>>> print(open('query15.cif').read())   # mmCIF, C-alpha atoms
data_protein
loop_
_atom_site.label_atom_id
_atom_site.label_comp_id
_atom_site.auth_asym_id
_atom_site.auth_seq_id
_atom_site.Cartn_x
_atom_site.Cartn_y
_atom_site.Cartn_z
CA MET A 1 14.23 25.44 32.33
CA ASP A 2 13.12 25.89 28.70
CA PHE A 3 11.33 22.81 27.37
CA SER A 4 10.09 24.48 24.19
CA THR A 5 10.97 23.24 20.71
CA ARG A 6 10.22 24.13 17.10
CA TYR A 7 8.66 21.50 14.85
CA LEU A 8 7.31 22.14 11.33
CA GLY A 9 7.62 25.83 12.05
CA LEU A 10 5.33 25.47 15.08
CA THR A 11 6.42 26.39 18.59
CA LEU A 12 5.64 23.57 21.01
CA LYS A 13 5.79 23.89 24.79
CA ASN A 14 7.74 20.63 24.97
CA PRO A 15 8.85 17.95 22.47
CA LEU A 16 6.20 15.31 23.31
CA ILE A 17 3.46 14.70 20.74
CA LEU A 18 0.57 12.26 20.75
CA GLY A 19 1.25 10.37 17.51
CA ALA A 20 -1.38 9.13 15.09
CA SER A 21 -3.36 6.41 16.87
CA PRO A 22 -6.85 5.14 17.68
CA LEU A 23 -6.83 7.52 20.66
CA ALA A 24 -7.47 10.38 18.26
CA HIS A 25 -11.02 9.05 17.77
CA ASP A 26 -11.76 9.72 21.45
CA ARG A 27 -12.06 13.43 22.22
CA ASP A 28 -11.93 12.81 25.98
CA ALA A 29 -8.73 10.74 25.71
CA VAL A 30 -7.08 13.39 23.54
CA CYS A 31 -8.03 16.14 25.98
CA ARG A 32 -6.62 14.11 28.89
CA ALA A 33 -3.37 13.59 26.96
CA VAL A 34 -3.07 17.33 26.38
CA ASP A 35 -3.89 18.07 30.03
CA ALA A 36 -1.11 15.62 30.98
CA GLY A 37 1.40 17.47 28.82
CA ALA A 38 1.11 16.47 25.15
CA ALA A 39 2.33 19.49 23.20
CA ALA A 40 0.57 18.57 19.95
CA VAL A 41 -1.75 15.91 18.56
CA VAL A 42 -1.52 14.00 15.28
CA MET A 43 -4.87 12.81 14.00
CA HIS A 44 -5.29 9.22 12.84
CA SER A 45 -5.05 8.89 9.06
CA LEU A 46 -7.56 9.22 6.32
CA PHE A 47 -6.64 6.36 3.97
CA GLU A 48 -6.42 6.54 0.21
CA GLU A 49 -8.45 3.30 0.03
CA GLN A 50 -11.10 4.80 2.30
CA LEU A 51 -11.46 7.90 0.15
CA THR A 52 -11.40 5.86 -3.04
CA ALA A 53 -14.11 3.56 -1.68
CA GLU A 54 -16.32 6.54 -0.87
CA GLU A 55 -15.97 7.85 -4.41
CA VAL A 56 -16.85 4.40 -5.79
CA ALA A 57 -19.92 4.27 -3.53
CA HIS A 58 -20.96 7.72 -4.71
CA ASP A 59 -20.64 6.66 -8.35
CA ARG A 60 -22.73 3.54 -7.72
CA HIS A 61 -25.41 5.63 -6.06
CA ALA A 62 -25.42 8.06 -8.97
CA ALA A 63 -25.57 5.21 -11.51
CA PRO A 64 -27.30 2.23 -9.87
CA GLY A 65 -26.83 -1.11 -11.51
CA VAL A 66 -23.37 -0.33 -12.84
CA GLU A 67 -21.35 -3.20 -11.34
CA GLU A 68 -18.93 -4.22 -14.05
CA PHE A 69 -16.13 -4.61 -11.53
CA ALA A 70 -18.06 -5.90 -8.54
CA GLU A 71 -15.44 -8.50 -7.69
CA ALA A 72 -12.75 -5.80 -7.50
CA SER A 73 -14.75 -3.82 -4.95
CA SER A 74 -14.39 -6.63 -2.42
CA TRP A 75 -10.72 -5.75 -2.02
CA LEU A 76 -11.63 -2.46 -0.34
CA PRO A 77 -12.83 -2.38 3.28
CA SER A 78 -16.45 -1.40 3.73
CA PRO A 79 -17.09 2.15 4.98
CA ALA A 80 -18.04 0.65 8.35
CA GLY A 81 -14.50 -0.69 8.67
CA TYR A 82 -13.11 2.80 9.26
CA ALA A 83 -13.48 4.64 12.54
CA LEU A 84 -14.61 7.88 10.91
CA GLY A 85 -15.72 8.67 7.39
CA PRO A 86 -14.15 11.63 5.59
CA ALA A 87 -16.88 14.10 6.59
CA GLU A 88 -16.85 12.91 10.22
CA TYR A 89 -13.05 13.06 10.23
CA LEU A 90 -13.06 16.71 9.19
CA GLU A 91 -15.75 17.55 11.75
CA HIS A 92 -13.81 15.76 14.49
CA LEU A 93 -10.60 17.59 13.55
CA ALA A 94 -12.40 20.93 13.63
CA ARG A 95 -13.83 20.15 17.10
CA LEU A 96 -10.42 19.17 18.45
CA LYS A 97 -8.90 22.33 17.03
CA ARG A 98 -11.56 24.43 18.77
CA ASP A 99 -11.18 22.55 22.07
CA LEU A 100 -7.42 22.10 22.37
CA PRO A 101 -4.80 24.73 23.23
CA VAL A 102 -2.10 22.88 21.22
CA PRO A 103 -1.48 22.32 17.50
CA VAL A 104 -3.54 19.63 15.75
CA ILE A 105 -1.86 17.86 12.83
CA GLY A 106 -3.95 16.10 10.19
CA SER A 107 -2.86 12.88 8.51
CA LEU A 108 -3.29 11.30 5.08
CA ASN A 109 -2.15 7.77 4.27
CA GLY A 110 -1.65 6.62 0.70
CA VAL A 111 0.74 5.78 -2.11
CA THR A 112 -0.49 7.35 -5.35
CA ALA A 113 -0.81 10.93 -6.61
CA ARG A 114 -4.50 10.94 -7.48
CA GLY A 115 -7.66 12.89 -6.74
CA TRP A 116 -7.88 11.75 -3.11
CA LEU A 117 -5.10 14.20 -2.29
CA ARG A 118 -7.62 17.04 -2.57
CA TYR A 119 -8.56 16.12 1.00
CA ALA A 120 -5.32 17.81 2.06
CA LYS A 121 -6.98 21.15 1.34
CA GLN A 122 -10.09 20.13 3.25
CA ILE A 123 -7.95 19.13 6.24
CA GLU A 124 -6.33 22.56 6.12
CA GLU A 125 -9.74 24.25 5.89
CA ALA A 126 -10.94 22.24 8.91
CA GLY A 127 -8.25 23.99 10.95
CA ALA A 128 -5.23 21.67 10.97
CA ASP A 129 -1.97 23.42 11.86
CA ALA A 130 0.04 21.00 9.70
CA LEU A 131 -0.37 17.81 7.69
CA GLU A 132 1.47 14.50 8.02
CA LEU A 133 1.62 12.41 4.84
CA ASN A 134 1.99 8.79 5.89
CA VAL A 135 3.58 6.88 3.01
CA TYR A 136 2.84 3.29 4.00
CA GLN A 137 3.97 1.02 1.19
CA LEU A 138 6.10 -2.06 0.71
CA ALA A 139 7.81 -2.03 -2.68
CA THR A 140 7.05 -5.61 -3.73
CA ASP A 141 7.04 -5.27 -7.53
CA PRO A 142 10.36 -6.64 -8.89
CA ASP A 143 9.86 -4.61 -12.08
CA GLU A 144 9.68 -1.29 -10.22
CA GLY A 145 12.95 0.38 -9.28
CA ALA A 146 13.80 2.70 -6.40
CA GLU A 147 13.58 5.80 -8.59
CA ALA A 148 9.98 5.00 -9.51
CA VAL A 149 9.01 4.53 -5.86
CA GLU A 150 10.62 7.81 -4.83
CA SER A 151 9.19 9.68 -7.82
CA ARG A 152 5.70 8.59 -6.84
CA ILE A 153 6.14 10.00 -3.33
CA LEU A 154 7.63 13.22 -4.70
CA ALA A 155 4.65 13.53 -7.02
CA MET A 156 2.31 13.31 -4.02
CA VAL A 157 4.33 15.97 -2.22
CA ALA A 158 4.17 18.24 -5.27
CA GLU A 159 0.41 17.73 -5.60
CA ILE A 160 -0.20 18.57 -1.94
CA GLY A 161 2.21 21.49 -2.08
CA ARG A 162 0.10 23.07 -4.81
CA THR A 163 -3.02 22.98 -2.66
CA ILE A 164 -2.08 23.79 0.95
CA ALA A 165 -0.24 26.54 2.78
CA ILE A 166 0.20 24.73 6.10
CA PRO A 167 3.47 22.82 6.76
CA LEU A 168 3.78 19.28 5.38
CA ALA A 169 5.65 16.42 7.06
CA VAL A 170 6.33 13.07 5.40
CA LYS A 171 6.31 9.93 7.54
CA LEU A 172 8.94 7.70 6.02
CA SER A 173 9.74 4.03 5.83
CA PRO A 174 13.37 3.02 6.55
CA PHE A 175 13.34 0.85 3.42
CA HIS A 176 14.78 3.29 0.90
CA THR A 177 17.95 2.57 -1.06
CA ALA A 178 19.58 5.94 -0.33
CA LEU A 179 17.52 7.38 2.50
CA ALA A 180 19.64 10.46 3.18
CA HIS A 181 19.55 11.46 -0.49
CA PHE A 182 15.79 10.92 -0.66
CA ALA A 183 15.34 12.97 2.52
CA ARG A 184 17.18 15.84 0.87
CA ARG A 185 15.02 15.53 -2.27
CA LEU A 186 11.90 15.76 -0.13
CA THR A 187 13.25 18.81 1.69
CA ASP A 188 14.16 20.46 -1.62
CA ALA A 189 10.59 19.74 -2.79
CA GLY A 190 9.23 21.83 0.08
CA VAL A 191 8.59 19.29 2.84
CA ALA A 192 8.85 21.03 6.22
CA GLY A 193 9.78 17.92 8.18
CA LEU A 194 10.30 14.18 8.23
CA VAL A 195 8.94 11.59 10.66
CA VAL A 196 11.09 8.48 11.19
CA PHE A 197 9.86 5.80 10.90
CA ASN A 198 6.65 4.15 9.86
CA ARG A 199 6.04 0.90 11.72
CA PHE A 200 5.20 -1.96 9.37
CA TYR A 201 2.90 -4.44 11.07
CA GLN A 202 4.15 -7.88 10.09
CA PRO A 203 1.64 -10.66 9.38
CA ASP A 204 2.10 -14.08 10.94
CA ILE A 205 1.25 -17.53 9.57
CA ASP A 206 -1.01 -20.00 11.33
CA VAL A 207 0.58 -23.28 10.22
CA ALA A 208 -2.36 -25.36 11.49
CA GLU A 209 -5.13 -23.39 9.81
CA LEU A 210 -2.98 -22.30 6.84
CA GLU A 211 -4.06 -18.70 7.28
CA VAL A 212 -2.30 -15.39 7.45
CA HIS A 213 -3.00 -13.65 10.73
CA HIS A 214 -2.76 -9.94 11.35
CA ARG A 215 -1.81 -9.03 14.89
CA LEU A 216 -1.13 -5.60 16.35
CA GLN A 217 2.16 -5.63 18.24
CA LEU A 218 2.89 -2.51 20.25
CA SER A 219 6.43 -1.21 20.02
CA THR A 220 9.25 -1.65 22.52
CA SER A 221 12.24 0.57 23.26
CA SER A 222 14.45 -1.70 21.14
CA GLU A 223 12.74 -0.32 18.03
CA LEU A 224 14.16 3.11 18.80
CA LEU A 225 17.70 2.05 17.84
CA LEU A 226 17.15 2.17 14.07
CA ARG A 227 15.48 5.54 14.44
CA LEU A 228 18.34 6.93 16.54
CA ARG A 229 20.85 6.09 13.83
CA TRP A 230 18.87 7.85 11.12
CA LEU A 231 17.98 10.84 13.27
CA ALA A 232 21.69 11.30 13.88
CA ILE A 233 22.48 10.98 10.17
CA LEU A 234 19.73 13.33 8.97
CA HIS A 235 19.97 16.04 11.64
CA GLY A 236 21.30 19.30 10.23
CA ARG A 237 22.12 17.72 6.87
CA CYS A 238 19.04 16.45 5.05
CA ALA A 239 15.91 17.77 6.76
CA LYS A 240 14.55 21.04 8.11
CA SER A 241 12.69 19.40 10.97
CA LEU A 242 12.67 15.87 12.41
CA ALA A 243 10.28 13.86 14.52
CA VAL A 244 10.67 10.32 15.78
CA THR A 245 7.90 7.77 16.18
CA GLY A 246 8.21 4.17 17.35
CA GLY A 247 10.05 2.89 20.39
CA VAL A 248 9.62 5.84 22.78
CA HIS A 249 8.53 4.47 26.16
CA ASP A 250 10.43 6.29 28.91
CA ALA A 251 12.32 9.51 29.57
CA THR A 252 15.64 7.96 28.56
CA ASP A 253 14.16 7.19 25.14
CA VAL A 254 13.09 10.84 24.84
CA VAL A 255 16.58 12.04 25.80
CA LYS A 256 18.25 9.73 23.28
CA ALA A 257 15.94 10.83 20.45
CA ILE A 258 16.57 14.53 21.09
CA MET A 259 20.32 14.03 21.44
CA ALA A 260 20.29 12.22 18.09
CA GLY A 261 18.53 15.17 16.48
CA ALA A 262 14.76 14.95 16.94
CA ASP A 263 12.87 18.24 17.22
CA ALA A 264 9.75 16.39 18.37
CA VAL A 265 9.05 12.98 19.86
CA GLN A 266 5.84 11.15 19.02
CA THR A 267 4.65 8.44 21.36
CA VAL A 268 1.76 6.01 20.90
CA SER A 269 2.36 2.50 22.26
CA GLY A 270 3.29 3.72 25.74
CA VAL A 271 0.11 5.79 25.87
CA LEU A 272 -2.00 2.87 24.64
CA ARG A 273 -0.49 0.72 27.41
CA HIS A 274 -0.67 3.22 30.27
CA GLY A 275 -3.28 5.76 29.23
CA PRO A 276 -3.05 9.50 28.50
CA ALA A 277 -1.48 10.13 31.92
CA GLN A 278 1.70 8.62 30.45
CA PHE A 279 2.55 12.10 29.18
CA ALA A 280 2.77 13.44 32.74
CA THR A 281 4.99 10.50 33.70
CA LEU A 282 7.31 11.07 30.74
CA LEU A 283 7.53 14.82 31.25
CA GLY A 284 8.21 14.53 34.96
CA ALA A 285 11.04 12.04 34.45
CA PHE A 286 12.38 14.04 31.49
CA GLU A 287 12.47 17.24 33.57
CA SER A 288 14.27 15.42 36.39
CA TRP A 289 16.86 14.04 33.96
CA LEU A 290 17.59 17.47 32.47
CA SER A 291 17.85 19.05 35.91
CA GLU A 292 20.12 16.30 37.23
CA HIS A 293 22.44 16.65 34.24
CA GLU A 294 22.37 20.48 34.38
CA TYR A 295 20.73 21.16 31.05
CA GLU A 296 19.03 24.53 30.75
CA SER A 297 16.96 23.81 27.63
CA VAL A 298 15.92 21.18 25.13
CA ALA A 299 17.77 23.18 22.46
CA GLN A 300 21.03 22.67 24.35
CA MET A 301 20.60 18.92 24.06
CA ARG A 302 19.22 18.67 20.52
CA GLY A 303 21.59 17.02 18.05
CA SER A 304 24.46 16.82 20.53
CA MET A 305 25.01 13.19 19.52
CA SER A 306 24.23 13.60 15.83
CA LEU A 307 26.63 12.68 13.06
CA LEU A 308 27.60 16.34 12.71
CA LYS A 309 28.66 16.63 16.34
CA CYS A 310 29.50 13.11 17.39
CA PRO A 311 33.21 12.78 18.29
CA ASP A 312 33.17 9.32 16.71
CA PRO A 313 31.04 9.43 13.53
CA SER A 314 32.03 5.86 12.75
CA ALA A 315 29.74 4.79 15.62
CA TYR A 316 26.85 5.41 13.21
CA GLU A 317 28.62 3.98 10.18
CA ARG A 318 30.21 0.71 9.04
CA ALA A 319 32.88 0.55 11.78
CA ASN A 320 30.15 -0.03 14.36
CA TYR A 321 28.86 -2.99 12.35
CA ILE A 322 32.31 -4.58 12.13
CA GLN A 323 33.16 -3.97 15.78
CA MET A 324 29.90 -5.46 17.04
CA LEU A 325 30.31 -8.64 15.00
CA GLN A 326 33.92 -9.07 16.10
CA SER A 327 33.16 -8.47 19.78
CA TRP A 328 30.69 -11.34 20.24
CA PRO A 329 32.02 -13.07 23.39
CA GLY A 330 31.42 -16.59 22.11
CA ARG A 331 33.18 -16.28 18.75
CA GLU A 332 36.42 -17.97 19.96
CA ARG A 333 34.61 -21.04 21.27
#
>>> encode(input="query15.cif", output="structure tokens")
Amino acid sequence: MDFSTRYLGLTLKNPLILGASPLAHDRDAVCRAVDAGAAAVVMHSLFEEQLTAEEVAHDRHAAPGVEEFAEASSWLPSPAGYALGPAEYLEHLARLKRDLPVPVIGSLNGVTARGWLRYAKQIEEAGADALELNVYQLATDPDEGAEAVESRILAMVAEIGRTIAIPLAVKLSPFHTALAHFARRLTDAGVAGLVVFNRFYQPDIDVAELEVHHRLQLSTSSELLLRLRWLAILHGRCAKSLAVTGGVHDATDVVKAIMAGADAVQTVSGVLRHGPAQFATLLGAFESWLSEHEYESVAQMRGSMSLLKCPDPSAYERANYIQMLQSWPGRER
């Protein structure tokens, strides 16, 4: 049985990837994930704020006593708040690349096209096989339209495209006005693949203490549903290569994602819950499922339930919305 897949122009031995996570800090954990079957590893992100803070610190060191905007600096996390500084990040990436027999994908996280993007070239020089641009932003300014938000991301893509030769993937939010159109614009701009979707970690409110609390909630399989719809819509129409992240916890989730159109499947929360050996569990169950259903390859399955091939395209469109609302069993009561 052929488990191989192509993602970002890279040949992977199977579709399962260790997504960007705190595990990437731990060389031993990453190696155990690869030994258990992970076909590629995405590094955790270097953040725009982190890189900006380092430049500010450098400027202060070069010109001590210049603190005109001291109060503004408090908005940025201290360097100690990040797991690895930029130099350590590049060294860690280079070590993983030397030690691992699978592709290593670097990651940058930010929202503006500024000088920090030069780190894309340094990530390439450290040995990364590809780069994932994580665009983590909520558009909260009522004076800024959708075109401005998309143009800013396209400007980042153009800036990176001028500096690196390795493939670039963009990790998207689902909150775009015309996502399929934007996906095509990114592809036309040279993006090799799209990752759907970024998970936005929602703050909570402590009503007793009148404080905003930030809590990390690991994903569940229910979060995969939104991603399945958009994988099915984008496959073969708006993107060269697709990966899914968020909501992949068992072999059935993997099967659904590939049937919808994913070339690669990133998993994080399941690995954080169960450890790197989760990859062996997923692969074993995935292999059994394919064998039981007489599939000969992952390629045979890929996109079989996408919008292009689905016998009932309306299942992904408005008819599904109407049918679900009308079928609620208690509506006649």
>>> closest_atom_pairs(input="query15.cif", of="region 130-176 of chain A", to="region 44-54 of chain A", cutoff="12 Å", atoms="only C-alpha atoms", output="Markdown table")
| residue | atom | partner | partner_atom | distance |
| --- | --- | --- | --- | --- |
| A:Leu131 | CA | A:Ser45 | CA | 10.2 |
| A:Glu132 | CA | A:Ser45 | CA | 8.7 |
| A:Leu133 | CA | A:Ser45 | CA | 8.6 |
| A:Asn134 | CA | A:Ser45 | CA | 7.7 |
| A:Val135 | CA | A:Phe47 | CA | 10.3 |
| A:Tyr136 | CA | A:Phe47 | CA | 10.0 |
| A:Gln137 | CA | A:Glu48 | CA | 11.8 |
| A:Met156 | CA | A:Glu48 | CA | 11.8 |
| A:Lys171 | CA | A:Ser45 | CA | 11.5 |
>>> write_last_selection(input="query15.cif", atoms="C-alpha atoms", output="compact mmCIF listing (two decimals), in the frame of the given file")
# COMPACT_ATOMS: atom_id res chain seq x y z
CA LEU A 131 -0.37 17.81 7.69
CA GLU A 132 1.47 14.50 8.02
CA LEU A 133 1.62 12.41 4.84
CA ASN A 134 1.99 8.79 5.89
CA VAL A 135 3.58 6.88 3.01
CA TYR A 136 2.84 3.29 4.00
CA GLN A 137 3.97 1.02 1.19
CA MET A 156 2.31 13.31 -4.02
CA LYS A 171 6.31 9.93 7.54
>>> closest_residue(input="query15.cif", among="A:Arg118, A:Leu10, A:Leu283, A:Leu307", to="Arg162 (chain A)", atoms="all atoms listed in the file")
A:Arg118
>>> residues_near_point(input="query15.cif", point="(0.1, -6.1, 18.2)", cutoff="12 Å", atoms="all atoms listed in the file", output="PDB file with C-alpha atoms, in the frame of the given file")
ATOM      1  CA  ARG A 199       6.040   0.900  11.720  1.00  0.00           C
ATOM      2  CA  PHE A 200       5.200  -1.960   9.370  1.00  0.00           C
ATOM      3  CA  TYR A 201       2.900  -4.440  11.070  1.00  0.00           C
ATOM      4  CA  GLN A 202       4.150  -7.880  10.090  1.00  0.00           C
ATOM      5  CA  PRO A 203       1.640 -10.660   9.380  1.00  0.00           C
ATOM      6  CA  ASP A 204       2.100 -14.080  10.940  1.00  0.00           C
ATOM      7  CA  HIS A 213      -3.000 -13.650  10.730  1.00  0.00           C
ATOM      8  CA  HIS A 214      -2.760  -9.940  11.350  1.00  0.00           C
ATOM      9  CA  ARG A 215      -1.810  -9.030  14.890  1.00  0.00           C
ATOM     10  CA  LEU A 216      -1.130  -5.600  16.350  1.00  0.00           C
ATOM     11  CA  GLN A 217       2.160  -5.630  18.240  1.00  0.00           C
ATOM     12  CA  LEU A 218       2.890  -2.510  20.250  1.00  0.00           C
ATOM     13  CA  SER A 219       6.430  -1.210  20.020  1.00  0.00           C
ATOM     14  CA  THR A 220       9.250  -1.650  22.520  1.00  0.00           C
ATOM     15  CA  SER A 269       2.360   2.500  22.260  1.00  0.00           C
ATOM     16  CA  LEU A 272      -2.000   2.870  24.640  1.00  0.00           C
ATOM     17  CA  ARG A 273      -0.490   0.720  27.410  1.00  0.00           C
TER      18      ARG A 273
END
>>> residues_around(input="query15.cif", residues="Leu224 (chain A)", least_positions_apart="5", cutoff="8 Å", atoms="all atoms listed in the file", output="list in words")
Gly246, Gly247, Val248 and Asp253 of chain A
>>> resolve_selection(input="query15.cif", expression="the PyMOL selection byres ((chain A and resi 22) around 12)", output="ChimeraX atom specification")
/A:18-21,23-27,29-30,41-45,82-84,268-269,271-272
>>> atom_distance(input="query15.cif", atom1="CA of His274 (chain A)", atom2="CA of Ala38 (chain A)")
14.3 Å
>>> resolve_selection(input="query15.cif", expression="the PyMOL selection byres ((chain A and resi 256) around 12)", output="PDB file with C-alpha atoms, in the coordinates of the input")
ATOM      1  CA  SER A 221      12.240   0.570  23.260  1.00  0.00           C
ATOM      2  CA  LEU A 224      14.160   3.110  18.800  1.00  0.00           C
ATOM      3  CA  LEU A 225      17.700   2.050  17.840  1.00  0.00           C
ATOM      4  CA  LEU A 226      17.150   2.170  14.070  1.00  0.00           C
ATOM      5  CA  ARG A 227      15.480   5.540  14.440  1.00  0.00           C
ATOM      6  CA  LEU A 228      18.340   6.930  16.540  1.00  0.00           C
ATOM      7  CA  ARG A 229      20.850   6.090  13.830  1.00  0.00           C
ATOM      8  CA  LEU A 231      17.980  10.840  13.270  1.00  0.00           C
ATOM      9  CA  ALA A 232      21.690  11.300  13.880  1.00  0.00           C
ATOM     10  CA  VAL A 244      10.670  10.320  15.780  1.00  0.00           C
ATOM     11  CA  GLY A 247      10.050   2.890  20.390  1.00  0.00           C
ATOM     12  CA  VAL A 248       9.620   5.840  22.780  1.00  0.00           C
ATOM     13  CA  HIS A 249       8.530   4.470  26.160  1.00  0.00           C
ATOM     14  CA  ASP A 250      10.430   6.290  28.910  1.00  0.00           C
ATOM     15  CA  ALA A 251      12.320   9.510  29.570  1.00  0.00           C
ATOM     16  CA  THR A 252      15.640   7.960  28.560  1.00  0.00           C
ATOM     17  CA  ASP A 253      14.160   7.190  25.140  1.00  0.00           C
ATOM     18  CA  VAL A 254      13.090  10.840  24.840  1.00  0.00           C
ATOM     19  CA  VAL A 255      16.580  12.040  25.800  1.00  0.00           C
ATOM     20  CA  ALA A 257      15.940  10.830  20.450  1.00  0.00           C
ATOM     21  CA  ILE A 258      16.570  14.530  21.090  1.00  0.00           C
ATOM     22  CA  MET A 259      20.320  14.030  21.440  1.00  0.00           C
ATOM     23  CA  ALA A 260      20.290  12.220  18.090  1.00  0.00           C
ATOM     24  CA  GLY A 261      18.530  15.170  16.480  1.00  0.00           C
ATOM     25  CA  ALA A 262      14.760  14.950  16.940  1.00  0.00           C
ATOM     26  CA  ASP A 263      12.870  18.240  17.220  1.00  0.00           C
ATOM     27  CA  ALA A 264       9.750  16.390  18.370  1.00  0.00           C
ATOM     28  CA  VAL A 265       9.050  12.980  19.860  1.00  0.00           C
ATOM     29  CA  PHE A 286      12.380  14.040  31.490  1.00  0.00           C
ATOM     30  CA  TRP A 289      16.860  14.040  33.960  1.00  0.00           C
ATOM     31  CA  VAL A 298      15.920  21.180  25.130  1.00  0.00           C
ATOM     32  CA  MET A 301      20.600  18.920  24.060  1.00  0.00           C
ATOM     33  CA  ARG A 302      19.220  18.670  20.520  1.00  0.00           C
ATOM     34  CA  GLY A 303      21.590  17.020  18.050  1.00  0.00           C
ATOM     35  CA  SER A 304      24.460  16.820  20.530  1.00  0.00           C
ATOM     36  CA  MET A 305      25.010  13.190  19.520  1.00  0.00           C
ATOM     37  CA  SER A 306      24.230  13.600  15.830  1.00  0.00           C
TER      38      SER A 306
END
>>> atom_distance(input="query15.cif", atom1="CA of Thr112 (chain A)", atom2="CA of His92 (chain A)")
25.3 Å
>>> atom_distance(input="query15.cif", atom1="CA of Asp99 (chain A)", atom2="CA of Gly270 (chain A)")
24.0 Å
>>> closest_residue(input="query15.cif", among="A:Gly110, A:Gly275, A:Gly284, A:Pro142", to="Val170 (chain A)", atoms="only C-alpha atoms")
A:Gly110
>>> residues_around(input="query15.cif", residues="Thr5 (chain A)", least_positions_apart="2", cutoff="8 Å", atoms="only C-alpha atoms", output="list in words")
Phe3, Tyr7, Thr11, Leu12, Lys13, Asn14, Pro15, Asp263, Ala264, Val298 and Ala299 of chain A
>>> residues_around(input="query15.cif", residues="Ala165 (chain A)", least_positions_apart="3", cutoff="9 Å", atoms="all atoms listed in the file", output="PyMOL selection string")
chain A and resi 121+124+130+161-162+168
>>> closest_residue(input="query15.cif", among="A:Thr245, A:Ser291, A:Gln122, A:Ser151", to="Phe182 (chain A)", atoms="only C-alpha atoms")
A:Ser151
>>> resolve_selection(input="query15.cif", expression="the PyMOL selection byres ((chain A and resi 95-97) around 9)", output="PDB file with C-alpha atoms, keeping the file's coordinate frame")
ATOM      1  CA  ARG A  27     -12.060  13.430  22.220  1.00  0.00           C
ATOM      2  CA  VAL A  30      -7.080  13.390  23.540  1.00  0.00           C
ATOM      3  CA  CYS A  31      -8.030  16.140  25.980  1.00  0.00           C
ATOM      4  CA  LEU A  90     -13.060  16.710   9.190  1.00  0.00           C
ATOM      5  CA  GLU A  91     -15.750  17.550  11.750  1.00  0.00           C
ATOM      6  CA  HIS A  92     -13.810  15.760  14.490  1.00  0.00           C
ATOM      7  CA  LEU A  93     -10.600  17.590  13.550  1.00  0.00           C
ATOM      8  CA  ALA A  94     -12.400  20.930  13.630  1.00  0.00           C
ATOM      9  CA  ARG A  98     -11.560  24.430  18.770  1.00  0.00           C
ATOM     10  CA  ASP A  99     -11.180  22.550  22.070  1.00  0.00           C
ATOM     11  CA  LEU A 100      -7.420  22.100  22.370  1.00  0.00           C
ATOM     12  CA  PRO A 101      -4.800  24.730  23.230  1.00  0.00           C
ATOM     13  CA  VAL A 102      -2.100  22.880  21.220  1.00  0.00           C
ATOM     14  CA  PRO A 103      -1.480  22.320  17.500  1.00  0.00           C
ATOM     15  CA  VAL A 104      -3.540  19.630  15.750  1.00  0.00           C
ATOM     16  CA  ALA A 126     -10.940  22.240   8.910  1.00  0.00           C
ATOM     17  CA  GLY A 127      -8.250  23.990  10.950  1.00  0.00           C
ATOM     18  CA  ALA A 128      -5.230  21.670  10.970  1.00  0.00           C
ATOM     19  CA  ASP A 129      -1.970  23.420  11.860  1.00  0.00           C
TER      20      ASP A 129
END
>>> axis_aligned_box(input="query15.cif", around="region 132-145 of chain A", padding_each_side="5 Å", output="lines of an AutoDock Vina configuration file")
center_x = 7.2
center_y = 3.9
center_z = -2.0
size_x = 21.5
size_y = 31.1
size_z = 30.1
>>> closest_residue(input="query15.cif", among="A:Ile160, A:Ala39, A:Ile17, A:Ile105", to="Ser4 (chain A)", atoms="all atoms listed in the file")
A:Ala39
